[in-house]
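Structure first, commentary second.
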Amino acid sequence: QATAVLAIQTPGRDLLEITDDVCEWVDESGITLGILTLFCQHTSASLCINENAAPAVRRDLLRWLDRIAPENAAYEHDDEGADDMPAHIKAMLTGNSLVIPVADGRPMLGTWQGIYLAEHRARPHRRSVAMHLAGE
């Protein structure tokens, strides 16, 4: 087994691809066959797998999330500003963990799949993603 925490500095609201960082860590672990679990340690950021070829996909997803959970929608919880509660809703919808099989020392992602940290807050944050790899 191997564990680590990936630290990511975000620029504010965005989908940040972390595939290369995750793949590098898996490779360095020496584990070639197993199960990788990624867990976002925050309530206003999340993890997802989506297309990593066309940048328009990321832009469309961010716009869709903004429509589903808009700012200034009379939320009761607004302790940290207008983007606070929408960020929690977006994180709940997109999820905080991923489980990915590993074979030949690499996550078994599809051709166009990338792993993303979704930053749902407007201002920059330092985010942590816990990684656990179990296998041989």
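Residues are referred to by chain and number: the chain letter is A, B, ... according to the order shown in the structure tokens, the number counts from 1 in that chain, and ligands are numbered separately from 1 in the order shown.
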Review point. If you count only C-alpha atoms, which residues fall within 7 Å of Arg121 in chain A, apart from same-chain ones fewer than 6 positions away, as a VMD selection string?
Key: chain A and resid 12 to 13 44 83 to 84 87
Output the selection as a PDB file, in the first residue's frame - all heavy atoms for each residue.
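Below is the file that was written, again16.pdb:
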```pdb
ATOM      1  N   GLY A  12      -8.724  29.889  -8.442  1.00  0.00           N
ATOM      2  CA  GLY A  12     -10.123  30.274  -8.276  1.00  0.00           C
ATOM      3  C   GLY A  12     -10.946  29.286  -9.087  1.00  0.00           C
ATOM      4  O   GLY A  12     -10.448  28.236  -9.492  1.00  0.00           O
ATOM      5  N   ARG A  13     -12.196  29.609  -9.321  1.00  0.00           N
ATOM      6  CA  ARG A  13     -13.125  28.684  -9.980  1.00  0.00           C
ATOM      7  C   ARG A  13     -12.530  28.140 -11.284  1.00  0.00           C
ATOM      8  O   ARG A  13     -12.211  28.891 -12.201  1.00  0.00           O
ATOM      9  CB  ARG A  13     -14.445  29.388 -10.258  1.00  0.00           C
ATOM     10  CG  ARG A  13     -15.547  28.464 -10.704  1.00  0.00           C
ATOM     11  CD  ARG A  13     -16.881  29.188 -10.844  1.00  0.00           C
ATOM     12  NE  ARG A  13     -17.367  29.636  -9.548  1.00  0.00           N
ATOM     13  CZ  ARG A  13     -17.585  30.909  -9.237  1.00  0.00           C
ATOM     14  NH1 ARG A  13     -17.373  31.867 -10.111  1.00  0.00           N
ATOM     15  NH2 ARG A  13     -18.023  31.239  -8.039  1.00  0.00           N
ATOM     16  N   SER A  44     -15.829  22.489  -0.497  1.00  0.00           N
ATOM     17  CA  SER A  44     -16.161  23.441  -1.557  1.00  0.00           C
ATOM     18  C   SER A  44     -15.282  23.231  -2.796  1.00  0.00           C
ATOM     19  O   SER A  44     -15.142  24.115  -3.633  1.00  0.00           O
ATOM     20  CB  SER A  44     -16.046  24.884  -1.048  1.00  0.00           C
ATOM     21  OG  SER A  44     -14.747  25.129  -0.539  1.00  0.00           O
ATOM     22  N   ASP A  83     -20.286  33.082  -3.065  1.00  0.00           N
ATOM     23  CA  ASP A  83     -19.938  31.818  -3.717  1.00  0.00           C
ATOM     24  C   ASP A  83     -19.840  30.653  -2.734  1.00  0.00           C
ATOM     25  O   ASP A  83     -19.584  29.518  -3.134  1.00  0.00           O
ATOM     26  CB  ASP A  83     -18.613  31.961  -4.478  1.00  0.00           C
ATOM     27  CG  ASP A  83     -17.415  32.146  -3.560  1.00  0.00           C
ATOM     28  OD1 ASP A  83     -17.602  32.621  -2.418  1.00  0.00           O
ATOM     29  OD2 ASP A  83     -16.299  31.822  -3.980  1.00  0.00           O
ATOM     30  N   ASP A  84     -20.083  30.894  -1.454  1.00  0.00           N
ATOM     31  CA  ASP A  84     -19.904  29.878  -0.421  1.00  0.00           C
ATOM     32  C   ASP A  84     -20.879  28.705  -0.580  1.00  0.00           C
ATOM     33  O   ASP A  84     -20.476  27.567  -0.783  1.00  0.00           O
ATOM     34  CB  ASP A  84     -20.047  30.531   0.957  1.00  0.00           C
ATOM     35  CG  ASP A  84     -19.594  29.640   2.102  1.00  0.00           C
ATOM     36  OD1 ASP A  84     -18.993  28.579   1.848  1.00  0.00           O
ATOM     37  OD2 ASP A  84     -19.830  30.018   3.267  1.00  0.00           O
ATOM     38  N   ALA A  87     -20.718  26.747  -3.852  1.00  0.00           N
ATOM     39  CA  ALA A  87     -19.560  25.851  -3.888  1.00  0.00           C
ATOM     40  C   ALA A  87     -19.864  24.535  -3.180  1.00  0.00           C
ATOM     41  O   ALA A  87     -19.474  23.459  -3.654  1.00  0.00           O
ATOM     42  CB  ALA A  87     -18.343  26.528  -3.254  1.00  0.00           C
TER      43      ALA A  87
END
```
**Study point:** Long-range neighbours of Arg106 in chain A as a PyMOL selection string, 10 Å cut-off, only C-alpha atoms, 5 positions minimum in chain
**Key:** chain A and resi 22-27+31-34+36+100-101
For the selection just defined, write its residues with all heavy atoms to a file, as a tab-separated table (two decimals), in the first residue's frame.
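Saved the output as result.tsv:
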```tsv
chain	number	residue	atom	x	y	z
A	22	VAL	N	-1.04	12.60	-10.56
A	22	VAL	CA	-1.50	11.33	-10.01
A	22	VAL	C	-0.74	10.17	-10.66
A	22	VAL	O	-0.25	9.27	-9.96
A	22	VAL	CB	-3.03	11.17	-10.20
A	22	VAL	CG1	-3.48	9.76	-9.82
A	22	VAL	CG2	-3.78	12.22	-9.37
A	23	CYS	N	-0.60	10.19	-11.97
A	23	CYS	CA	0.11	9.12	-12.68
A	23	CYS	C	1.57	9.04	-12.25
A	23	CYS	O	2.11	7.94	-12.10
A	23	CYS	CB	0.00	9.31	-14.19
A	23	CYS	SG	-1.64	8.97	-14.85
A	24	GLU	N	2.19	10.18	-12.04
A	24	GLU	CA	3.59	10.20	-11.60
A	24	GLU	C	3.72	9.55	-10.22
A	24	GLU	O	4.62	8.75	-9.98
A	24	GLU	CB	4.10	11.64	-11.56
A	24	GLU	CG	5.54	11.77	-11.11
A	24	GLU	CD	6.01	13.21	-11.08
A	24	GLU	OE1	5.47	14.04	-11.85
A	24	GLU	OE2	6.93	13.50	-10.29
A	25	TRP	N	2.80	9.86	-9.31
A	25	TRP	CA	2.83	9.27	-7.98
A	25	TRP	C	2.60	7.76	-8.03
A	25	TRP	O	3.28	7.00	-7.35
A	25	TRP	CB	1.81	9.96	-7.06
A	25	TRP	CG	1.78	9.33	-5.71
A	25	TRP	CD1	2.71	9.49	-4.70
A	25	TRP	CD2	0.82	8.40	-5.22
A	25	TRP	NE1	2.35	8.72	-3.63
A	25	TRP	CE2	1.20	8.04	-3.92
A	25	TRP	CE3	-0.34	7.84	-5.77
A	25	TRP	CZ2	0.46	7.15	-3.14
A	25	TRP	CZ3	-1.07	6.95	-5.00
A	25	TRP	CH2	-0.67	6.61	-3.70
A	26	VAL	N	1.63	7.33	-8.84
A	26	VAL	CA	1.38	5.89	-8.99
A	26	VAL	C	2.63	5.20	-9.50
A	26	VAL	O	3.04	4.16	-8.97
A	26	VAL	CB	0.17	5.63	-9.93
A	26	VAL	CG1	0.08	4.15	-10.30
A	26	VAL	CG2	-1.13	6.10	-9.27
A	27	ASP	N	3.27	5.77	-10.50
A	27	ASP	CA	4.49	5.19	-11.06
A	27	ASP	C	5.58	5.09	-9.99
A	27	ASP	O	6.24	4.05	-9.85
A	27	ASP	CB	4.97	6.02	-12.24
A	27	ASP	CG	6.22	5.45	-12.89
A	27	ASP	OD1	6.19	4.27	-13.31
A	27	ASP	OD2	7.22	6.18	-12.96
A	31	ILE	N	3.82	0.17	-7.33
A	31	ILE	CA	2.67	-0.74	-7.39
A	31	ILE	C	2.16	-0.76	-8.82
A	31	ILE	O	1.86	0.28	-9.39
A	31	ILE	CB	1.57	-0.31	-6.40
A	31	ILE	CG1	2.10	-0.41	-4.97
A	31	ILE	CG2	0.31	-1.15	-6.59
A	31	ILE	CD1	1.17	0.15	-3.91
A	32	THR	N	2.08	-1.94	-9.41
A	32	THR	CA	1.71	-2.03	-10.82
A	32	THR	C	0.29	-2.54	-11.05
A	32	THR	O	-0.24	-2.38	-12.15
A	32	THR	CB	2.69	-2.96	-11.57
A	32	THR	OG1	2.67	-4.25	-10.97
A	32	THR	CG2	4.11	-2.39	-11.54
A	33	LEU	N	-0.32	-3.14	-10.03
A	33	LEU	CA	-1.67	-3.68	-10.17
A	33	LEU	C	-2.43	-3.42	-8.89
A	33	LEU	O	-1.97	-3.83	-7.81
A	33	LEU	CB	-1.63	-5.19	-10.45
A	33	LEU	CG	-2.96	-5.89	-10.64
A	33	LEU	CD1	-3.65	-5.40	-11.91
A	33	LEU	CD2	-2.76	-7.40	-10.70
A	34	GLY	N	-3.55	-2.72	-8.98
A	34	GLY	CA	-4.30	-2.43	-7.76
A	34	GLY	C	-5.44	-1.48	-7.97
A	34	GLY	O	-5.94	-1.31	-9.08
A	36	LEU	N	-6.70	2.49	-6.97
A	36	LEU	CA	-6.34	3.83	-6.55
A	36	LEU	C	-7.60	4.55	-6.06
A	36	LEU	O	-8.61	4.58	-6.76
A	36	LEU	CB	-5.74	4.60	-7.73
A	36	LEU	CG	-5.51	6.09	-7.55
A	36	LEU	CD1	-4.47	6.36	-6.46
A	36	LEU	CD2	-5.09	6.72	-8.88
A	100	ILE	N	-10.17	4.23	-9.04
A	100	ILE	CA	-9.68	3.96	-10.39
A	100	ILE	C	-8.81	2.71	-10.35
A	100	ILE	O	-7.85	2.65	-9.56
A	100	ILE	CB	-8.84	5.15	-10.92
A	100	ILE	CG1	-9.65	6.45	-10.85
A	100	ILE	CG2	-8.35	4.88	-12.35
A	100	ILE	CD1	-8.82	7.71	-11.04
A	101	PRO	N	-9.09	1.72	-11.20
A	101	PRO	CA	-8.21	0.55	-11.25
A	101	PRO	C	-6.84	0.93	-11.83
A	101	PRO	O	-6.74	1.85	-12.65
A	101	PRO	CB	-8.93	-0.44	-12.17
A	101	PRO	CG	-9.97	0.35	-12.88
A	101	PRO	CD	-10.22	1.61	-12.11
```
Review point. Could you state the separation of CA of Ala73 in chain A and CA of Leu16 in chain A in Å, given to one decimal place?
Key: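 CA of Leu16 in chain A lies at a distance of 26.0 Å from CA of Ala73 in chain A.
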Exercise for review: From chain A, collect each residue whose DSSP state is alpha helix (DSSP H) and return the set as a PyMOL selection string.
Suggested key: chain A and resi 19-29+55-68+84-94
Point to revise | Which of A:His42, A:His132, A:His88, A:Arg63 sits closest to Tyr75 in chain A [using only C-alpha atoms] | key: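 Of A:His42, A:His132, A:His88, A:Arg63, the one nearest Tyr75 in chain A, counting only C-alpha atoms, is A:His88.
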Practice item. Pick out the closest residue to Val99 in chain A from this set: A:Leu117, A:Leu133, A:Ala56, A:Leu38. Count only C-alpha atoms. Key: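 So, comparing all the options, the nearest one is A:Leu38.
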Point to revise | Residue nearest Val5 in chain A - candidates A:Pro107, A:Ser97, A:Ala134, A:Val129, atoms counted: only C-alpha atoms | key: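 Distance minimum relative to Val5 in chain A lands on A:Val129.
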Check your understanding: So which one's closest to Asn52 in chain A, A:Thr10, A:Ser128, A:Thr19, A:Asn96? Using only C-alpha atoms, please.
Key ->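 The shortest atom-to-atom distance to Asn52 in chain A comes from A:Thr19.
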Exercise for review: Choose the residue, out of A:Pro124, A:Met108, A:Ala103, A:Asp14, that has the smallest atom-to-atom separation from Ser46 in chain A; count only C-alpha atoms.
Suggested key: A:Asp14
